[in-house]
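Shown next: upload-v6.txt, containing compact mmCIF, C-alpha atoms.
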```
# COMPACT_ATOMS: atom_id res chain seq x y z
CA ASP S 1 0.00 0.00 0.00
CA ARG S 2 2.85 2.37 0.84
CA GLU S 3 4.44 1.66 -2.55
CA ILE S 4 1.14 2.28 -4.35
CA SER S 5 0.65 5.57 -2.49
CA SER S 6 4.17 6.65 -3.43
CA VAL S 7 3.54 5.90 -7.10
CA GLU S 8 0.24 7.79 -6.94
CA GLU S 9 1.98 10.87 -5.54
CA ILE S 10 4.58 10.75 -8.31
CA ARG S 11 1.86 10.51 -10.94
CA LYS S 12 -0.07 13.40 -9.41
CA THR S 13 3.06 15.55 -9.55
CA GLN S 14 3.69 14.55 -13.16
CA ARG S 15 0.10 15.39 -14.12
CA LYS S 16 0.38 18.81 -12.48
CA GLU S 17 3.58 19.54 -14.39
CA ARG S 18 1.99 18.47 -17.68
CA SER S 19 -1.04 20.62 -16.93
CA LYS S 20 1.18 23.64 -16.27
CA SER S 21 2.92 23.10 -19.60
CA GLY S 22 -0.31 23.95 -21.42
CA ILE S 23 0.28 21.16 -23.94
CA PHE S 24 -2.91 19.51 -25.18
CA SER S 25 -3.14 15.90 -24.00
CA PHE S 26 -4.85 12.75 -25.23
CA ALA S 27 -5.41 9.52 -23.29
CA LEU S 28 -5.87 6.11 -24.90
CA THR S 29 -8.53 4.07 -23.13
CA GLY S 30 -10.47 0.92 -23.84
CA TYR S 31 -10.81 -2.72 -23.00
CA THR S 32 -7.69 -4.71 -22.26
CA ASN S 33 -5.94 -6.22 -25.31
CA ALA S 34 -7.62 -3.75 -27.68
CA GLY S 35 -4.21 -2.57 -28.90
CA LYS S 36 -3.65 0.69 -27.01
CA SER S 37 0.04 0.12 -26.33
CA THR S 38 0.66 -0.98 -29.91
CA ILE S 39 -1.01 2.20 -31.17
CA LEU S 40 1.04 4.34 -28.79
CA ASN S 41 4.18 2.64 -30.07
CA ALA S 42 3.16 3.21 -33.68
CA LEU S 43 2.43 6.89 -33.05
CA THR S 44 5.43 7.73 -30.88
CA ASP S 45 7.91 4.85 -31.11
CA ALA S 46 7.66 4.65 -27.32
CA ARG S 47 8.64 0.98 -27.08
CA VAL S 48 5.87 0.24 -24.58
CA LEU S 49 5.29 -3.42 -23.72
CA ALA S 50 2.66 -4.60 -26.19
CA GLU S 51 1.52 -8.12 -25.39
CA ASP S 52 -1.72 -10.05 -25.66
CA LYS S 53 -2.02 -10.36 -21.90
CA LEU S 54 -4.66 -9.24 -19.44
CA PHE S 55 -2.50 -6.73 -17.57
CA ALA S 56 0.35 -5.98 -19.95
CA THR S 57 0.04 -2.25 -19.14
CA LEU S 58 0.26 -1.83 -15.37
CA ASP S 59 1.73 1.65 -15.55
CA THR S 60 0.95 4.75 -17.55
CA THR S 61 3.25 5.86 -20.34
CA THR S 62 3.09 9.42 -21.65
CA ARG S 63 4.90 10.56 -24.78
CA SER S 64 4.88 13.70 -26.90
CA LEU S 65 4.32 13.84 -30.63
CA SER S 66 3.67 16.38 -33.36
CA LEU S 67 0.47 16.19 -35.39
CA PRO S 68 0.10 16.92 -39.13
CA ASN S 69 -1.07 20.47 -38.32
CA GLY S 70 2.16 21.13 -36.41
CA GLN S 71 0.48 20.91 -33.01
CA LYS S 72 2.56 19.27 -30.30
CA VAL S 73 0.51 17.05 -27.99
CA LEU S 74 0.94 14.50 -25.22
CA LEU S 75 -0.41 10.96 -25.54
CA SER S 76 -0.90 8.61 -22.58
CA ASP S 77 -1.57 4.89 -22.54
CA THR S 78 -3.82 3.79 -19.67
CA VAL S 79 -4.65 0.45 -18.10
CA GLY S 80 -7.19 -1.60 -20.02
CA PHE S 81 -10.70 -1.84 -18.64
CA ILE S 82 -11.98 -5.27 -17.68
CA ALA S 83 -15.28 -6.47 -16.30
CA ASP S 84 -15.45 -7.22 -12.57
CA LEU S 85 -11.99 -5.93 -11.68
CA PRO S 86 -10.77 -7.75 -8.54
CA GLU S 87 -10.93 -5.59 -5.41
CA VAL S 88 -7.23 -6.11 -4.68
CA LEU S 89 -6.32 -4.53 -8.02
CA ILE S 90 -8.73 -1.58 -8.02
CA LYS S 91 -6.49 0.71 -5.95
CA ALA S 92 -3.41 -0.20 -7.96
CA PHE S 93 -5.15 0.71 -11.21
CA SER S 94 -7.17 3.72 -10.06
CA SER S 95 -4.28 6.15 -10.45
CA THR S 96 -3.66 5.05 -14.03
CA LEU S 97 -7.32 5.66 -14.82
CA GLU S 98 -6.86 9.20 -13.51
CA GLU S 99 -4.80 9.86 -16.65
CA ALA S 100 -8.06 9.67 -18.57
CA LEU S 101 -9.58 12.24 -16.22
CA SER S 102 -6.67 14.66 -16.53
CA ALA S 103 -6.41 14.44 -20.33
CA ASN S 104 -7.97 17.09 -22.54
CA ALA S 105 -9.37 14.47 -24.91
CA ILE S 106 -9.92 10.72 -24.78
CA ILE S 107 -9.39 8.19 -27.55
CA ILE S 108 -11.27 4.93 -27.02
CA VAL S 109 -9.71 1.90 -28.68
CA ALA S 110 -12.16 -0.89 -29.55
CA ASP S 111 -11.18 -4.42 -30.56
CA ALA S 112 -13.01 -5.53 -33.71
CA SER S 113 -11.81 -9.11 -33.16
CA HIS S 114 -13.46 -9.42 -29.74
CA PRO S 115 -16.58 -11.65 -29.59
CA ASP S 116 -18.39 -8.87 -27.72
CA ALA S 117 -16.76 -5.81 -29.27
CA TYR S 118 -19.74 -3.51 -28.81
CA GLY S 119 -20.37 -4.74 -25.27
CA CYS S 120 -16.77 -3.91 -24.37
CA LEU S 121 -17.21 -0.42 -25.78
CA ARG S 122 -20.42 0.04 -23.82
CA LYS S 123 -18.69 -0.99 -20.57
CA THR S 124 -15.77 1.32 -21.33
CA LYS S 125 -18.16 4.23 -21.85
CA GLU S 126 -20.02 3.36 -18.64
CA THR S 127 -16.74 3.43 -16.71
CA LEU S 128 -15.77 6.77 -18.22
CA ALA S 129 -19.22 8.13 -17.38
CA GLU S 130 -18.77 7.03 -13.76
CA LEU S 131 -15.42 8.83 -13.73
CA GLY S 132 -17.06 11.96 -15.13
CA ALA S 133 -14.92 11.82 -18.26
CA ILE S 134 -17.32 10.64 -20.97
CA ASP S 135 -17.63 14.13 -22.48
CA LYS S 136 -13.90 14.07 -23.21
CA VAL S 137 -14.24 11.18 -25.66
CA LYS S 138 -13.50 12.58 -29.13
CA ILE S 139 -12.18 9.66 -31.18
CA LEU S 140 -13.12 5.99 -31.46
CA VAL S 141 -10.39 3.80 -32.93
CA ILE S 142 -11.70 0.47 -34.19
CA ASN S 143 -8.60 -1.68 -34.17
CA LYS S 144 -7.89 -5.17 -35.56
CA THR S 145 -10.07 -4.58 -38.62
CA ASP S 146 -8.11 -7.37 -40.30
CA ASP S 147 -9.88 -9.86 -38.01
CA ILE S 148 -13.50 -8.68 -37.55
CA TYR S 149 -15.42 -11.16 -35.39
CA ASP S 150 -18.98 -9.85 -35.76
CA GLU S 151 -20.03 -7.66 -38.69
CA ILE S 152 -23.20 -6.51 -36.91
CA ALA S 153 -21.24 -5.36 -33.86
CA TYR S 154 -18.73 -3.72 -36.19
CA ALA S 155 -21.52 -1.79 -37.91
CA SER S 156 -22.71 -0.61 -34.49
CA LEU S 157 -19.22 0.66 -33.67
CA LEU S 158 -19.17 2.63 -36.91
CA ARG S 159 -22.36 4.44 -35.86
CA GLU S 160 -20.89 5.81 -32.64
CA PRO S 161 -21.02 9.65 -32.38
CA TYR S 162 -17.27 10.23 -32.47
CA LYS S 163 -14.55 10.68 -35.05
CA ILE S 164 -14.19 7.08 -36.26
CA VAL S 165 -10.79 5.72 -37.28
CA GLU S 166 -10.46 2.13 -38.51
CA THR S 167 -7.03 0.62 -37.92
CA SER S 168 -5.12 -2.61 -38.24
CA MET S 169 -1.84 -2.45 -36.38
CA LYS S 170 -1.03 -5.92 -37.72
CA GLU S 171 -1.21 -4.59 -41.28
CA GLY S 172 0.08 -1.12 -40.42
CA LYS S 173 -3.11 0.60 -41.52
CA GLY S 174 -4.86 3.65 -40.11
CA ILE S 175 -2.11 5.50 -38.23
CA GLU S 176 -2.10 8.47 -40.61
CA LYS S 177 -5.88 8.73 -40.35
CA LEU S 178 -5.62 8.66 -36.56
CA LEU S 179 -3.04 11.44 -36.59
CA SER S 180 -5.34 13.49 -38.83
CA ALA S 181 -8.29 12.89 -36.51
CA MET S 182 -6.21 14.01 -33.54
CA ALA S 183 -5.20 17.12 -35.48
CA ASP S 184 -8.87 17.83 -36.17
CA VAL S 185 -9.60 17.63 -32.44
CA THR S 186 -6.88 20.16 -31.64
CA ASP S 187 -8.07 22.44 -34.46
CA GLU S 188 -11.43 22.55 -32.70
CA GLU S 189 -9.74 23.46 -29.42
CA TYR S 190 -7.16 25.97 -30.67
CA THR S 191 -7.25 29.32 -32.42
CA THR S 192 -4.65 31.60 -33.98
CA LEU S 193 -4.47 34.91 -32.15
CA THR S 194 -2.58 38.12 -32.90
CA VAL S 195 -2.06 40.54 -30.03
CA SER S 196 -0.26 43.86 -29.57
CA ALA S 197 1.37 45.13 -26.40
CA PRO S 198 4.01 47.63 -25.28
CA SER S 199 7.56 46.48 -25.99
CA SER S 200 8.31 46.69 -22.28
CA SER S 201 5.65 44.11 -21.38
CA ASP S 202 6.28 40.43 -20.74
CA ILE S 203 3.71 39.42 -23.35
CA ILE S 204 6.13 37.21 -25.31
CA SER S 205 7.06 35.24 -22.21
CA SER S 206 3.43 34.85 -21.22
CA LEU S 207 2.28 33.75 -24.68
CA SER S 208 5.13 31.29 -25.07
CA LYS S 209 3.96 29.55 -21.89
CA ASP S 210 0.33 29.44 -23.00
CA GLY S 211 0.76 28.62 -26.68
CA THR S 212 3.05 28.30 -29.68
CA ILE S 213 4.37 31.58 -31.06
CA ARG S 214 4.20 31.73 -34.86
CA ASN S 215 5.39 35.29 -35.55
CA ILE S 216 6.74 38.39 -33.77
CA VAL S 217 6.88 41.89 -35.24
CA TYR S 218 8.66 44.65 -33.31
CA SER S 219 8.13 48.39 -33.64
CA GLU S 220 9.58 51.28 -31.64
CA GLU S 221 7.06 51.15 -28.83
CA SER S 222 5.14 47.91 -29.28
CA VAL S 223 5.35 44.28 -30.22
CA ARG S 224 2.84 42.31 -32.28
CA VAL S 225 2.71 38.58 -31.63
CA THR S 226 0.86 35.82 -33.48
CA VAL S 227 0.32 32.68 -31.44
CA ARG S 228 -1.55 29.37 -31.72
CA ILE S 229 -3.32 28.98 -28.41
CA ARG S 230 -6.12 27.09 -26.69
CA LYS S 231 -9.41 28.95 -27.06
CA GLU S 232 -9.98 28.93 -23.32
CA LEU S 233 -6.59 30.57 -22.74
CA ALA S 234 -7.06 33.07 -25.56
CA ARG S 235 -9.79 34.83 -23.58
CA LYS S 236 -7.34 36.44 -21.18
CA TYR S 237 -5.59 38.19 -24.08
CA LYS S 238 -8.82 39.49 -25.60
CA GLU S 239 -8.20 43.11 -24.62
CA LEU S 240 -4.81 43.07 -26.39
CA LYS S 241 -6.18 42.22 -29.83
```
Could you write out this file's structure as structure tokens?
Amino acid sequence: DREISSVEEIRKTQRKERSKSGIFSFALTGYTNAGKSTILNALTDARVLAEDKLFATLDTTTRSLSLPNGQKVLLSDTVGFIADLPEVLIKAFSSTLEEALSANAIIIVADASHPDAYGCLRKTKETLAELGAIDKVKILVINKTDDIYDEIAYASLLREPYKIVETSMKEGKGIEKLLSAMADVTDEEYTTLTVSAPSSSDIISSLSKDGTIRNIVYSEESVRVTVRIRKELARKYKELK
């Protein structure tokens, strides 16, 4: 228990630091064995253990990557959901599930080869709803499309109200589409803002912490800065436009 508490404290500190960085974050969630770690590896070359085992991912791995639109993001792999999780394991896994809560957006990975693929998705969504994180789900990755078990369940997955990305990690298909979908999510969350301020102000330092500076134009008494920034953070610079 002491070791678990220590790990939880470390993770909380790491999450706070990532939050301060202002970098948009995604969390991969879904039923165990759906292929989350394999997808993380394919996207970031993170070399995470990717095995067909019940608890292959006992820890949370977070890596950074750049999307096709130039946006830098963080991507975390979380523990796979299972039905009727044993009580002795709940505390050990709870802190990894918190990654889903702290992320800006959630990517659910579904396993098309599972006999109850849609049931697994439903249970995953129920768990996220209980955690208060269901509204963060933006993308549904339907993995293992090379081995679809049930066409009817597969059709149901395709009708889910998210950005749908079909992948086959075995065949190396779908990663570019997933990157594009992630870029679309960030495009919905970010805006390009141009602000002006006196040259003596610390506006450049402030904007560089909150976003990605694209251009700076100096004049004798002022500076004009163009930045790509989260819409929610852009509000505090509204009076400088």
Just want the 12 Å neighbourhood of Asp210 (chain S), counted on only C-alpha atoms, with same-chain residues fewer than 5 positions away dropped. Output as a ChimeraX atom specification.
/S:19-24,190,193,203-205,227-237
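Shortest atom-to-atom contact with Val109 (chain S) among S:Gly174, S:Gly30, S:Pro198, S:Pro68: S:Gly30, counting only C-alpha atoms.
Minimum distance to Glu176 (chain S) across S:Ile134, S:Leu74, S:Leu43, S:Leu28 (counting all atoms listed in the file) occurs at S:Leu43.
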Between S:Ala105, S:Leu121, S:Met169, S:Val73, which is the closest to Ser37 (chain S) once you count only C-alpha atoms?
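Ranked by minimum distance to Ser37 (chain S), first place goes to S:Met169.
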Please, what distance in Å, to one decimal, runs between CA of Asp135 (chain S) and CA of Ile106 (chain S)?
8.7 Å
